[in-house]
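Structure below is protein_21.pdb: PDB, C-alpha atoms.
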MODEL        1
ATOM      1  CA  MET A   1     -43.616  19.611 -18.751
ATOM      2  CA  PRO A   2     -43.205  15.809 -18.622
ATOM      3  CA  GLU A   3     -46.566  14.061 -18.869
ATOM      4  CA  GLY A   4     -47.964  10.773 -17.649
ATOM      5  CA  PRO A   5     -46.849   8.708 -20.685
ATOM      6  CA  SER A   6     -43.243   9.882 -20.289
ATOM      7  CA  LEU A   7     -43.218   8.917 -16.617
ATOM      8  CA  LYS A   8     -44.610   5.491 -17.448
ATOM      9  CA  LYS A   9     -41.699   4.909 -19.786
ATOM     10  CA  TRP A  10     -39.192   6.339 -17.308
ATOM     11  CA  ALA A  11     -40.521   3.961 -14.664
ATOM     12  CA  THR A  12     -39.809   1.066 -17.041
ATOM     13  CA  MET A  13     -36.307   2.405 -17.631
ATOM     14  CA  ALA A  14     -35.683   2.715 -13.892
ATOM     15  CA  GLY A  15     -37.205  -0.715 -13.280
ATOM     16  CA  GLN A  16     -34.192  -2.467 -14.784
ATOM     17  CA  PHE A  17     -32.284  -1.540 -11.612
ATOM     18  CA  LEU A  18     -34.791  -3.039  -9.163
ATOM     19  CA  GLY A  19     -33.150  -5.296  -6.627
ATOM     20  CA  ARG A  20     -29.742  -3.660  -6.989
ATOM     21  CA  LYS A  21     -27.718  -1.853  -4.335
ATOM     22  CA  ILE A  22     -26.872   1.854  -4.388
ATOM     23  CA  VAL A  23     -23.081   2.108  -4.251
ATOM     24  CA  LYS A  24     -22.831   5.903  -4.493
ATOM     25  CA  THR A  25     -25.074   8.953  -4.743
ATOM     26  CA  GLY A  26     -24.701  12.405  -6.232
ATOM     27  CA  GLY A  27     -26.662  15.451  -7.310
ATOM     28  CA  ASN A  28     -27.259  19.007  -6.166
ATOM     29  CA  THR A  29     -30.490  18.547  -4.217
ATOM     30  CA  LYS A  30     -30.612  20.220  -0.807
ATOM     31  CA  LYS A  31     -33.939  18.693   0.196
ATOM     32  CA  VAL A  32     -32.752  15.143   0.873
ATOM     33  CA  ASP A  33     -29.560  13.784   2.408
ATOM     34  CA  LEU A  34     -28.704  11.341  -0.358
ATOM     35  CA  LYS A  35     -25.946   9.710   1.680
ATOM     36  CA  ILE A  36     -28.577   7.768   3.599
ATOM     37  CA  LEU A  37     -29.343   5.834   0.399
ATOM     38  CA  GLN A  38     -25.848   4.422   0.077
ATOM     39  CA  ASP A  39     -25.752   0.630   0.477
ATOM     40  CA  MET A  40     -29.560   0.490   0.394
ATOM     41  CA  CYS A  41     -31.393  -1.613  -2.191
ATOM     42  CA  PHE A  42     -33.664  -0.072  -4.838
ATOM     43  CA  THR A  43     -36.819  -2.184  -4.507
ATOM     44  CA  ASP A  44     -39.840  -0.432  -6.041
ATOM     45  CA  VAL A  45     -40.913   2.286  -8.486
ATOM     46  CA  GLN A  46     -44.460   3.605  -8.834
ATOM     47  CA  VAL A  47     -45.982   6.299 -11.023
ATOM     48  CA  HIS A  48     -49.128   8.318 -10.531
ATOM     49  CA  GLY A  49     -49.848  11.011 -13.078
ATOM     50  CA  LYS A  50     -46.769  13.218 -13.178
ATOM     51  CA  GLN A  51     -45.211  11.927  -9.960
ATOM     52  CA  MET A  52     -42.723   9.099  -9.461
ATOM     53  CA  PHE A  53     -42.123   7.259  -6.210
ATOM     54  CA  LEU A  54     -38.979   5.210  -5.511
ATOM     55  CA  LYS A  55     -38.506   2.813  -2.599
ATOM     56  CA  PHE A  56     -35.176   1.878  -1.001
ATOM     57  CA  GLU A  57     -34.629  -0.772   1.675
ATOM     58  CA  THR A  58     -31.784  -1.890   3.885
ATOM     59  CA  GLY A  59     -30.415  -5.410   3.487
ATOM     60  CA  GLN A  60     -31.855  -8.321   5.454
ATOM     61  CA  SER A  61     -28.661  -8.455   7.503
ATOM     62  CA  LYS A  62     -29.507  -5.167   9.190
ATOM     63  CA  GLN A  63     -31.931  -5.352  12.069
ATOM     64  CA  PRO A  64     -34.435  -3.949  12.155
ATOM     65  CA  PRO A  65     -34.774  -3.510   8.381
ATOM     66  CA  SER A  66     -35.857  -0.059   7.259
ATOM     67  CA  HIS A  67     -37.069   1.591   4.104
ATOM     68  CA  ILE A  68     -37.220   5.057   2.533
ATOM     69  CA  TRP A  69     -39.540   6.465  -0.104
ATOM     70  CA  LEU A  70     -38.570   9.351  -2.367
ATOM     71  CA  ARG A  71     -41.162  11.374  -4.261
ATOM     72  CA  TYR A  72     -40.156  13.062  -7.532
ATOM     73  CA  HIS A  73     -42.048  15.736  -9.405
ATOM     74  CA  PHE A  74     -40.317  16.582 -12.670
ATOM     75  CA  GLY A  75     -41.570  20.171 -12.909
ATOM     76  CA  MET A  76     -41.552  21.927 -16.272
ATOM     77  CA  TRP A  77     -38.299  20.619 -17.724
ATOM     78  CA  GLY A  78     -37.356  17.577 -15.649
ATOM     79  CA  THR A  79     -36.160  14.346 -17.195
ATOM     80  CA  LEU A  80     -34.598  10.980 -16.365
ATOM     81  CA  ARG A  81     -31.476   9.613 -18.033
ATOM     82  CA  VAL A  82     -30.036   6.097 -17.791
ATOM     83  CA  ASN A  83     -26.253   5.656 -17.956
ATOM     84  CA  GLU A  84     -25.790   9.051 -19.585
ATOM     85  CA  LEU A  85     -25.692  12.673 -18.513
ATOM     86  CA  LYS A  86     -27.792  15.362 -20.130
ATOM     87  CA  THR A  87     -25.979  17.853 -22.351
ATOM     88  CA  ILE A  88     -27.144  21.106 -23.896
ATOM     89  CA  SER A  89     -28.016  21.149 -27.564
ATOM     90  CA  ASN A  90     -25.789  22.572 -30.297
ATOM     91  CA  SER A  91     -28.382  25.270 -31.014
ATOM     92  CA  THR A  92     -28.204  26.433 -27.399
ATOM     93  CA  LEU A  93     -24.421  26.489 -27.560
ATOM     94  CA  TYR A  94     -24.610  28.620 -30.682
ATOM     95  CA  ARG A  95     -26.829  31.174 -28.948
ATOM     96  CA  ALA A  96     -24.915  31.262 -25.650
ATOM     97  CA  SER A  97     -21.550  29.518 -25.564
ATOM     98  CA  TYR A  98     -21.101  30.257 -21.842
ATOM     99  CA  ILE A  99     -24.040  28.038 -20.808
ATOM    100  CA  GLN A 100     -22.863  24.917 -18.993
ATOM    101  CA  ASP A 101     -24.331  21.417 -19.114
ATOM    102  CA  PRO A 102     -27.270  21.032 -16.715
ATOM    103  CA  LYS A 103     -26.550  19.593 -13.285
ATOM    104  CA  PRO A 104     -28.528  16.539 -12.171
ATOM    105  CA  ARG A 105     -30.713  16.890  -9.114
ATOM    106  CA  VAL A 106     -30.157  13.286  -8.042
ATOM    107  CA  VAL A 107     -27.794  10.564  -9.302
ATOM    108  CA  LEU A 108     -28.061   6.958  -8.129
ATOM    109  CA  HIS A 109     -24.968   4.885  -8.905
ATOM    110  CA  PHE A 110     -25.034   1.093  -9.144
ATOM    111  CA  GLU A 111     -22.328  -1.485  -9.767
ATOM    112  CA  ARG A 112     -20.650  -1.807 -13.187
ATOM    113  CA  GLY A 113     -20.665   1.980 -13.577
ATOM    114  CA  GLU A 114     -24.414   2.170 -14.276
ATOM    115  CA  PHE A 115     -26.565   4.990 -12.933
ATOM    116  CA  LEU A 116     -29.865   6.873 -12.972
ATOM    117  CA  ALA A 117     -29.731  10.674 -13.310
ATOM    118  CA  PHE A 118     -32.734  12.853 -12.437
ATOM    119  CA  TYR A 119     -32.853  16.400 -13.800
ATOM    120  CA  GLY A 120     -34.962  19.442 -12.940
ATOM    121  CA  CYS A 121     -37.112  17.573 -10.456
ATOM    122  CA  SER A 122     -38.405  18.366  -7.009
ATOM    123  CA  VAL A 123     -37.408  15.557  -4.662
ATOM    124  CA  GLN A 124     -38.890  14.863  -1.250
ATOM    125  CA  GLN A 125     -38.454  12.092   1.298
ATOM    126  CA  ILE A 126     -41.688  10.561   2.556
ATOM    127  CA  ASP A 127     -42.005   8.157   5.466
ATOM    128  CA  SER A 128     -44.819   5.945   4.242
ATOM    129  CA  PRO A 129     -45.854   4.374   0.937
ATOM    130  CA  PRO A 130     -47.742   6.768  -1.346
ATOM    131  CA  ILE A 131     -51.520   6.582  -1.257
ATOM    132  CA  LEU A 132     -52.402   6.552  -4.946
ATOM    133  CA  ASP A 133     -55.905   6.718  -6.373
ATOM    134  CA  ASP A 134     -55.733   4.972  -9.746
ATOM    135  CA  ARG A 135     -59.271   6.148 -10.494
ATOM    136  CA  THR A 136     -57.854   9.605 -11.280
ATOM    137  CA  ASP A 137     -54.955   8.438 -13.505
ATOM    138  CA  VAL A 138     -55.912   8.531 -17.195
ATOM    139  CA  LEU A 139     -53.544   5.649 -18.000
ATOM    140  CA  GLN A 140     -55.103   3.254 -15.516
ATOM    141  CA  ASP A 141     -57.870   0.812 -16.468
ATOM    142  CA  SER A 142     -59.663   1.769 -13.254
ATOM    143  CA  PHE A 143     -59.878   5.453 -14.275
ATOM    144  CA  ASN A 144     -63.272   6.829 -13.210
ATOM    145  CA  ILE A 145     -64.754   8.124 -16.464
ATOM    146  CA  GLY A 146     -68.093   9.099 -14.956
ATOM    147  CA  LYS A 147     -66.516  11.255 -12.254
ATOM    148  CA  SER A 148     -64.234  12.952 -14.774
ATOM    149  CA  ILE A 149     -67.192  13.817 -17.018
ATOM    150  CA  SER A 150     -69.027  15.395 -14.082
ATOM    151  CA  PHE A 151     -65.950  17.447 -13.225
ATOM    152  CA  LEU A 152     -65.616  18.730 -16.792
ATOM    153  CA  ARG A 153     -69.137  20.183 -16.898
ATOM    154  CA  GLN A 154     -68.541  23.360 -14.901
ATOM    155  CA  GLU A 155     -68.338  27.045 -15.783
ATOM    156  CA  LYS A 156     -64.655  27.083 -16.669
ATOM    157  CA  PRO A 157     -62.757  26.581 -19.947
ATOM    158  CA  VAL A 158     -62.164  22.952 -20.849
ATOM    159  CA  CYS A 159     -58.506  23.666 -21.687
ATOM    160  CA  TYR A 160     -58.078  24.559 -18.012
ATOM    161  CA  LEU A 161     -60.163  21.753 -16.523
ATOM    162  CA  LEU A 162     -58.293  19.020 -18.415
ATOM    163  CA  LEU A 163     -55.056  19.904 -16.629
ATOM    164  CA  ASN A 164     -56.446  19.329 -13.132
ATOM    165  CA  GLN A 165     -54.235  16.589 -11.712
ATOM    166  CA  ARG A 166     -56.775  15.556  -9.084
ATOM    167  CA  HIS A 167     -59.144  14.426 -11.810
ATOM    168  CA  PHE A 168     -56.900  13.913 -14.866
ATOM    169  CA  ALA A 169     -53.576  12.794 -13.410
ATOM    170  CA  GLY A 170     -50.998  12.487 -16.177
ATOM    171  CA  VAL A 171     -52.634  14.882 -18.644
ATOM    172  CA  GLY A 172     -50.245  17.635 -19.709
ATOM    173  CA  ASN A 173     -50.228  20.270 -22.395
ATOM    174  CA  ILE A 174     -49.541  17.896 -25.292
ATOM    175  CA  VAL A 175     -52.312  15.473 -24.320
ATOM    176  CA  LYS A 176     -54.659  18.409 -23.695
ATOM    177  CA  ASN A 177     -54.077  19.954 -27.124
ATOM    178  CA  GLU A 178     -54.401  16.666 -28.985
ATOM    179  CA  ALA A 179     -57.537  15.596 -27.097
ATOM    180  CA  LEU A 180     -59.310  18.913 -27.714
ATOM    181  CA  TYR A 181     -58.498  18.739 -31.411
ATOM    182  CA  SER A 182     -59.561  15.099 -31.687
ATOM    183  CA  ALA A 183     -62.914  15.895 -30.038
ATOM    184  CA  ARG A 184     -63.280  19.100 -32.132
ATOM    185  CA  ILE A 185     -63.786  21.248 -29.025
ATOM    186  CA  HIS A 186     -62.783  24.903 -28.741
ATOM    187  CA  PRO A 187     -60.188  25.273 -25.948
ATOM    188  CA  MET A 188     -62.085  28.148 -24.293
ATOM    189  CA  GLN A 189     -65.489  26.473 -24.466
ATOM    190  CA  MET A 190     -67.142  26.373 -21.050
ATOM    191  CA  GLY A 191     -67.523  22.939 -19.563
ATOM    192  CA  THR A 192     -71.169  23.649 -18.806
ATOM    193  CA  SER A 193     -71.881  23.849 -22.547
ATOM    194  CA  LEU A 194     -70.614  20.310 -23.164
ATOM    195  CA  SER A 195     -73.192  17.595 -23.558
ATOM    196  CA  ALA A 196     -72.569  14.368 -21.680
ATOM    197  CA  GLU A 197     -71.736  12.720 -25.010
ATOM    198  CA  LYS A 198     -69.215  15.414 -25.950
ATOM    199  CA  ALA A 199     -67.589  15.336 -22.520
ATOM    200  CA  LEU A 200     -67.263  11.552 -22.838
ATOM    201  CA  GLU A 201     -65.685  11.971 -26.280
ATOM    202  CA  LEU A 202     -63.115  14.391 -24.840
ATOM    203  CA  VAL A 203     -62.229  12.112 -21.929
ATOM    204  CA  LYS A 204     -61.809   9.135 -24.261
ATOM    205  CA  ALA A 205     -59.675  11.230 -26.629
ATOM    206  CA  ALA A 206     -57.329  12.174 -23.772
ATOM    207  CA  ARG A 207     -57.019   8.579 -22.608
ATOM    208  CA  ASN A 208     -56.556   7.172 -26.105
ATOM    209  CA  PHE A 209     -53.826   9.658 -26.993
ATOM    210  CA  ALA A 210     -51.984   9.054 -23.708
ATOM    211  CA  LYS A 211     -52.119   5.281 -24.198
ATOM    212  CA  THR A 212     -50.971   5.574 -27.829
ATOM    213  CA  TRP A 213     -48.027   7.648 -26.638
ATOM    214  CA  VAL A 214     -47.052   4.911 -24.183
ATOM    215  CA  GLU A 215     -47.353   2.227 -26.856
ATOM    216  CA  ASP A 216     -45.848   3.956 -29.899
ATOM    217  CA  GLY A 217     -43.950   7.039 -28.714
ATOM    218  CA  THR A 218     -40.663   7.481 -26.915
ATOM    219  CA  ALA A 219     -39.984   8.520 -23.354
ATOM    220  CA  TYR A 220     -39.493  12.073 -24.577
ATOM    221  CA  SER A 221     -41.954  12.512 -27.465
ATOM    222  CA  PRO A 222     -45.238  11.100 -28.854
ATOM    223  CA  MET A 223     -43.428  10.943 -32.228
ATOM    224  CA  GLY A 224     -45.762  10.580 -35.229
ATOM    225  CA  THR A 225     -49.026  10.680 -33.258
ATOM    226  CA  LEU A 226     -49.172  14.501 -33.119
ATOM    227  CA  ASN A 227     -51.990  16.076 -35.128
ATOM    228  CA  ILE A 228     -52.111  19.660 -33.793
ATOM    229  CA  TYR A 229     -49.400  20.293 -31.187
ATOM    230  CA  CYS A 230     -46.580  22.444 -32.638
ATOM    231  CA  LYS A 231     -48.076  22.058 -36.120
ATOM    232  CA  LYS A 232     -48.468  24.860 -38.668
ATOM    233  CA  THR A 233     -51.539  23.285 -40.251
ATOM    234  CA  CYS A 234     -54.093  20.786 -38.970
ATOM    235  CA  LEU A 235     -54.949  17.486 -40.626
ATOM    236  CA  LEU A 236     -57.352  19.261 -42.974
ATOM    237  CA  GLY A 237     -54.821  21.877 -44.018
ATOM    238  CA  HIS A 238     -56.171  24.797 -41.961
ATOM    239  CA  LYS A 239     -53.797  27.217 -40.262
ATOM    240  CA  VAL A 240     -53.167  26.304 -36.624
ATOM    241  CA  GLN A 241     -53.596  29.036 -34.009
ATOM    242  CA  ARG A 242     -51.122  29.392 -31.128
ATOM    243  CA  ASP A 243     -52.388  31.268 -28.062
ATOM    244  CA  MET A 244     -51.816  31.451 -24.320
ATOM    245  CA  LEU A 245     -55.164  30.234 -23.004
ATOM    246  CA  GLY A 246     -56.395  29.214 -19.588
ATOM    247  CA  TYR A 247     -58.162  30.502 -16.504
ATOM    248  CA  GLY A 248     -56.905  33.183 -14.152
ATOM    249  CA  ASP A 249     -53.131  33.237 -13.871
ATOM    250  CA  PHE A 250     -52.916  29.654 -15.082
ATOM    251  CA  THR A 251     -52.326  29.666 -18.841
ATOM    252  CA  ARG A 252     -50.553  27.324 -21.240
ATOM    253  CA  ILE A 253     -49.600  27.522 -24.894
ATOM    254  CA  THR A 254     -52.540  26.123 -26.813
ATOM    255  CA  TYR A 255     -52.531  24.940 -30.422
ATOM    256  CA  TRP A 256     -55.964  24.822 -32.008
ATOM    257  CA  CYS A 257     -57.815  25.148 -35.310
ATOM    258  CA  SER A 258     -60.472  27.875 -35.517
ATOM    259  CA  LEU A 259     -62.314  25.926 -38.235
ATOM    260  CA  CYS A 260     -62.156  22.378 -36.882
ATOM    261  CA  GLN A 261     -62.703  23.441 -33.265
ATOM    262  CA  SER A 262     -65.662  25.761 -33.724
ATOM    263  CA  THR A 263     -69.188  25.180 -32.472
ATOM    264  CA  VAL A 264     -70.634  24.148 -35.846
ATOM    265  CA  PRO A 265     -72.323  20.732 -35.304
ATOM    266  CA  SER A 266     -69.993  17.988 -36.441
ATOM    267  CA  SER A 267     -72.303  16.686 -39.214
ATOM    268  CA  GLU A 268     -72.657  20.148 -40.729
ATOM    269  CA  PHE A 269     -68.952  20.748 -40.315
ATOM    270  CA  GLU A 270     -68.058  17.595 -42.196
ATOM    271  CA  ALA A 271     -70.484  18.556 -44.965
ATOM    272  CA  ALA A 272     -68.914  22.005 -45.155
ATOM    273  CA  LEU A 273     -65.521  20.453 -45.793
ATOM    274  CA  GLN A 274     -66.835  18.927 -49.020
ATOM    275  CA  LEU A 275     -68.061  22.217 -50.521
ATOM    276  CA  PRO A 276     -66.053  23.654 -53.435
ATOM    277  CA  TRP A 277     -65.542  27.007 -51.717
ATOM    278  CA  THR A 278     -63.227  25.400 -49.183
ATOM    279  CA  SER A 279     -60.621  24.912 -51.902
ATOM    280  CA  GLY A 280     -60.938  28.425 -53.304
ATOM    281  CA  GLU A 281     -63.497  27.692 -56.033
ATOM    282  CA  LYS A 282     -66.724  29.625 -56.373
ATOM    283  CA  ASN A 283     -69.631  28.093 -54.527
ATOM    284  CA  PRO A 284     -73.087  28.351 -56.147
ATOM    285  CA  ASP A 285     -74.777  28.171 -52.754
ATOM    286  CA  VAL A 286     -73.510  31.519 -51.504
ATOM    287  CA  VAL A 287     -75.631  34.158 -49.801
ATOM    288  CA  ASP A 288     -74.324  37.728 -49.947
ATOM    289  CA  GLY A 289     -70.808  36.589 -50.688
ATOM    290  CA  SER A 290     -70.663  34.071 -47.833
ATOM    291  CA  PRO A 291     -71.314  30.323 -47.752
ATOM    292  CA  ASN A 292     -74.813  29.477 -46.577
ATOM    293  CA  LEU A 293     -73.690  27.569 -43.482
ATOM    294  CA  PRO A 294     -74.439  27.914 -39.768
ATOM    295  CA  THR A 295     -72.359  30.673 -38.206
ATOM    296  CA  ALA A 296     -69.600  29.342 -35.987
ATOM    297  CA  LYS A 297     -69.723  30.942 -32.576
ATOM    298  CA  LYS A 298     -66.382  32.527 -31.714
ATOM    299  CA  TYR A 299     -65.177  32.447 -28.133
ATOM    300  CA  PRO A 300     -63.230  35.541 -27.031
ATOM    301  CA  MET A 301     -59.475  35.027 -26.862
ATOM    302  CA  VAL A 302     -59.183  36.206 -23.280
ATOM    303  CA  VAL A 303     -58.063  34.649 -20.046
ATOM    304  CA  LEU A 304     -60.763  34.713 -17.388
ATOM    305  CA  THR A 305     -60.013  36.296 -14.037
ATOM    306  CA  GLU A 306     -59.598  34.243 -10.901
ATOM    307  CA  THR A 307     -56.844  33.559  -8.409
ATOM    308  CA  GLY A 308     -54.427  31.066  -9.919
ATOM    309  CA  PRO A 309     -54.614  27.513  -8.553
ATOM    310  CA  GLY A 310     -51.796  25.814  -6.732
ATOM    311  CA  SER A 311     -49.139  24.112  -8.808
ATOM    312  CA  LYS A 312     -49.835  20.785  -7.124
ATOM    313  CA  ILE A 313     -53.347  20.673  -8.580
ATOM    314  CA  TYR A 314     -52.798  21.978 -12.093
ATOM    315  CA  ALA A 315     -49.787  21.186 -14.244
TER     316      ALA A 315
ENDMDL
END

Show the structure stored in the file as structure tokens.
Amino acid sequence: MPEGPSLKKWATMAGQFLGRKIVKTGGNTKKVDLKILQDMCFTDVQVHGKQMFLKFETGQSKQPPSHIWLRYHFGMWGTLRVNELKTISNSTLYRASYIQDPKPRVVLHFERGEFLAFYGCSVQQIDSPPILDDRTDVLQDSFNIGKSISFLRQEKPVCYLLLNQRHFAGVGNIVKNEALYSARIHPMQMGTSLSAEKALELVKAARNFAKTWVEDGTAYSPMGTLNIYCKKTCLLGHKVQRDMLGYGDFTRITYWCSLCQSTVPSSEFEAALQLPWTSGEKNPDVVDGSPNLPTAKKYPMVVLTETGPGSKIYA
């Protein structure tokens, strides 16, 4: 699913067309009559979390002037393309040659043959400007860290809580995985077991990764900033686990390291990494065949039972 950093970059891409007139529209959406946008001017683009809002206005010559807002949610596989149409990959063609190129949901054509193409999104016309609370968007300077920490410390897995868009707008599965690994927190650890300091570390890790993605990644990938997501081994060379984890019916693929993200205190964990037995050599400080270290508490690999939340809250 597209995440906040991707939408920030897409908003910049779309912003190059601000002030220009829509000369033609296209797309297969049935939710909005796109013909009403023709001859209107594209005047504003805003992003909040995983949602994008576009504003269109009539020219000054028309009285009274009017405007239209469109709200886009890019769903699981949505994307935005500028002056190009999306095509299926060669690997997909190899597996199923009958699959056709995806159809755009909305296409906005401008002069000189330039256009914006929206794919896989849910589009909705809204009558008034969006009411956006920047205090819940992890990429905003006004993000309310204190409120987010309080929200995290409840009796639910942190891998689930981080994806709540009312408190962590813009955080998706990639940001979640990377933040949990950076903070060395087990994905299924209950929020109530987090200290205020550890919860703060997790929130900062999520924000820092999202901001790094905006600065150094592309609109479609964080590039070289990934440490755990889709990796076979973590930074320390341990095997990465891949499980469907979450709460109730809401689960997501989670990449995590059972050694780095255990409940061994961080100072003891770092000391353990320096012991010879970690590299396969015999350790003199062994008790009954096992290293004399605190036992890491293992959380059960189960999904807790509760009615799944609405898709507008968790993503």

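Interatomic distance, atom CA of Ala210 of chain A against atom CA of His48 of chain A: 13.5 Å.
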
Within 7 Å of segment 7-27 of chain A: each segment 84-181 of chain A residue with its shortest pair, only C-alpha atoms, as a Markdown table:
| residue | atom | partner | partner_atom | distance |
| --- | --- | --- | --- | --- |
| A:Pro104 | CA | A:Gly27 | CA | 5.3 |
| A:Arg105 | CA | A:Gly27 | CA | 4.7 |
| A:Val106 | CA | A:Gly27 | CA | 4.2 |
| A:Val107 | CA | A:Gly26 | CA | 4.7 |
| A:Leu108 | CA | A:Thr25 | CA | 4.9 |
| A:His109 | CA | A:Lys24 | CA | 5.0 |
| A:Phe110 | CA | A:Ile22 | CA | 5.2 |
| A:Glu111 | CA | A:Val23 | CA | 6.6 |

Point-to-point distance from atom CA of Lys30 of chain A to atom CA of Glu114 of chain A, Å rounded to tenths =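 Computed distance, atom CA of Lys30 of chain A to atom CA of Glu114 of chain A, equals 23.4 Å.
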
inquiry  = For a quick check of understanding, using all atoms listed in the file, which of A:Asp39, A:Asp243, A:Glu197, A:Glu215 has the smallest distance to Arg153 of chain A?
reply    =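 Counting all atoms listed in the file, the residue closest to Arg153 of chain A is A:Glu197.
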
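Within 8 Å of the point (-34.2, 16.6, -3.6) in file coordinates, and counting only C-alpha atoms, lie the residues Asn28, Thr29, Lys30, Lys31, Val32, Tyr72, Arg105, Val106, Cys121, Ser122, Val123, Gln124 and Gln125 of chain A.
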
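Against this structure, the PyMOL selection byres ((chain A and resi 41) around 6) ends up with Arg20, Lys21, Met40, Phe42, Thr43, Phe56 and Glu57 of chain A.
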
task = Would you mind reading off the distance between atom CA of Arg242 of chain A and atom CA of Ser258 of chain A, one decimal, in Å?
result = 10.4 Å

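Evaluated against the shown file, the PyMOL selection byres ((chain A and resi 156) around 10) gives Leu152, Arg153, Gln154, Glu155, Pro157, Val158, Cys159, Tyr160, Leu161, Met188, Gln189, Met190, Gly191, Thr192, Ser193, Gly246, Tyr247 and Leu304 of chain A.
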
message = Given the PyMOL selection byres ((chain A and resi 138) around 6) and the file above, list the residues it selects as a ChimeraX atom specification.
response = /A:137,139-140,143,168,207

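If all atoms listed in the file are the atoms counted, then among A:Arg112, A:Ile126, A:Gly49, A:Glu178 the closest residue to Ile68 of chain A is A:Ile126.
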